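Visitor: Structure incoming, see below.
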There are 2 protein chains.
Amino acid sequence: MSASPSPAGPRPYHHGNLKKALVEAGLALLEERGLGGLSLREIAARVGVSHTAPKNHFGNLKGLLTAIAAEGFRRHAAALEAGLKPADGPVERLHAAAEGYIRFARENPALFRLMFSADLCDFEDPDRSAAAAASYAILARLAGSLAPGNADAGERQTRMETLLWSIVHGYATLANEGQLATGPEGAQLHGIADLFRHWPRFV
Amino acid sequence: MSASPSPAGPRPYHHGNLKKALVEAGLALLEERGLGGLSLREIAARVGVSHTAPKNHFGNLKGLLTAIAAEGFRRHAAALEAGLKPADGPVERLHAAAEGYIRFARENPALFRLMFSADLCDFEDPDRSAAAAASYAILARLAGSLAPGNADAGERQTRMETLLWSIVHGYATLANEGQLATGPEGAQLHGIADLFRHWPRFV
DNA sequence: AGTTGAAAATTTACATTGGAAACATGAGTG
DNA sequence: CACTCATGTTTCCAATGTAAATTTTCAACT
């Protein structure tokens with residue numbers, strides 16, 4: 001399609017842009033085999049380059065994984081905003097974002113874990129940091145829409161964000177690790193979502 | 001002590017009981033170098049045996065890590081019950097357990113992550129499962145003490161447990177990954193803990 | 001144009017890891 | 001005492017990430 005401007009040549013000179021190809025291959029491999037079955041050599045092999053080629057673009061494995069995580073956060077932010085209808089009230093919007101958070105984690109378990117693993121990716125990387133901050137800002141803004149703007153609004157706002165984030169992140173993490181496998185699919189999530197409706201009374 | 005009957009000999013015949021020694025060495029190494037710097041060979045070297053010796057007791061690395069995780073859950077349960085005073089009311093006891101949960105995770109970040117990692121340890125292992133269930137039961141019991149025993153008490157109880165677990169687990173996870181590093185140490189935790197006091201109004 | 005230089009990839013080599021197989025040792029039992 | 005079997009060791013192997021040296025390719029410049 002429109003990804004490569006000239007689809008005529010079977011293979012570009014060096015590769016075109018290996019950077020994006022490696023990230024996409026990593027994302028695909030992550031989805032197929034999970035975090036454990038992921039290796040630098042295999043990502044490179046899937047793209048068709050030698051296993052040392054990524055070094056030029058990402059330095060080392062951690063750099064490549066960090067780039068994958070950054071792309072993950074961009075998709076994560078999109079998932080958060082997916083069901084966000086402007087006409088809805090604050091509670092409904094928060095509800096939708098929380099569901100988006102958890103759905104994304106459930107549909108991309110390996111990527112989700114990578115995104116939040118300080119061992120596997122570099123949290124100092126500006127690209128990943130910016131993407132993560134943008135994703136967090138969506139949740140924070142919705143949390144802020146529920147907290148009344150009083151005197152100590154700042155502190156309360158921070159608590160509100162942290163609590164909301166802890167709930168959705170904790171639920172997503174536990175579900176992904178298979179710890180919440182009770183009852184039919186989504187029933188638990190629905191129960192949690194119901195609780196969100198009582199949110200304002202909780203503050 | 002009763003660990004080694006005769007402390008005179010420099011080294012026992014085969015080793016005494018290597019099983020416990022490997023688990024303890026693994027726990028120590030986990031605390032020193034984290035999850036990344038952990039290897040079967042290094043654990044074995046610390047105990048003073050060859051790197052294939054653990055195979056006889058644990059099968060493979062996953063088996064050893066699972067045993068370490070099981071021991072971690074036993075300590076985790078102890079941490080949950082540490083500040084649990086029988087004289088306190090349900091809310092105070094829940095508060096104390098939640099603090100214990102998060103404190104344990106913060107003081108043993110690598111072990112905490114290992115305990116909940118389906119990649120690194122075997123969730124089917126009976127020993128680990130039992131220890132994890134015992135730890136969870138403490139939280140569940142406290143959550144149940146807050147939920148009124150009505151008609152659909154079962155479902156509500158489950159939701160309550162899940163929500164409580166999600167909060168403490170999510171907070172612990174995010175804090176361990178360095179995502180909540182704002183303000184002075186423990187301030188965030190205190191804020192979260194305050195919210196627990198309003199718990200009954202949330203149900 | 002032709003040359004030069006840097007970016008991009010490859011080849012080769014190496015240290016580390018987990019695991020498998022064959023072998024050695026020693027304790028406990030008949 | 002002899003046998004057996006659990007417990008460890010030695011040796012070997014495949015896979016992984018990384019570094020260094022080398023080659024290829026494109027772009028810019030005179």
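Naming scheme: A, B, ... for chains in displayed order of the structure tokens; residues 1 onward per chain; ligands 1 onward as shown.
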With 6 Å as the limit and counting only C-alpha atoms, what residues in chain A lie close to chain B? Please list them as a list in words.

Guide: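 Selected residues: Ala118, Ser166, Ile167, His169, Gly170, Tyr171, Glu177 and Phe202 of chain A.
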
Visitor: Wanna dump the chain C-chain B contacts at 8 Å for me, each residue with its shortest atom pair and the distance in Å to one decimal, counting only C-alpha atoms (C1' of nucleotides), ordered by chain and number, as a Markdown table?

Guide:
```
| residue | atom | partner | partner_atom | distance |
| --- | --- | --- | --- | --- |
| C:DT17 | C1' | B:Ser39 | CA | 7.6 |
| C:DG18 | C1' | B:Leu61 | CA | 7.6 |
| C:DG26 | C1' | B:Tyr13 | CA | 7.5 |
```

Visitor: Using only C-alpha atoms (C1' of nucleotides), what table do you get, as CSV, when you list each residue of chain B with an atom no more than 9 Å from chain D, its nearest pair of atoms, and their distance in Å rounded to one decimal, rows by chain then rising number?

Guide:
```
residue,atom,partner,partner_atom,distance
B:His14,CA,D:DT7,C1',6.6
B:His15,CA,D:DT7,C1',8.8
B:Val49,CA,D:DG8,C1',7.6
B:Ser50,CA,D:DT9,C1',6.8
B:Thr52,CA,D:DG8,C1',7.9
B:Ala53,CA,D:DG8,C1',5.7
B:Asn56,CA,D:DT7,C1',7.3
```

Visitor: From segment 16-121 of chain A, collect each residue whose DSSP state is alpha helix (DSSP H) and return the set as an MDAnalysis selection string.

Guide: chainID A and resid 18:33 40:47 54:58 61:82 90:107 109:115

Visitor: Quick one, how far is atom CA of Ala28 of chain A from atom CA of His57 of chain A?

Guide: 18.9 Å

Visitor: What does the distance from atom CA of Arg33 of chain B to atom CA of Arg75 of chain B come to in Å, to one decimal?

Guide: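 Interatomic distance, atom CA of Arg33 of chain B to atom CA of Arg75 of chain B: 19.5 Å.
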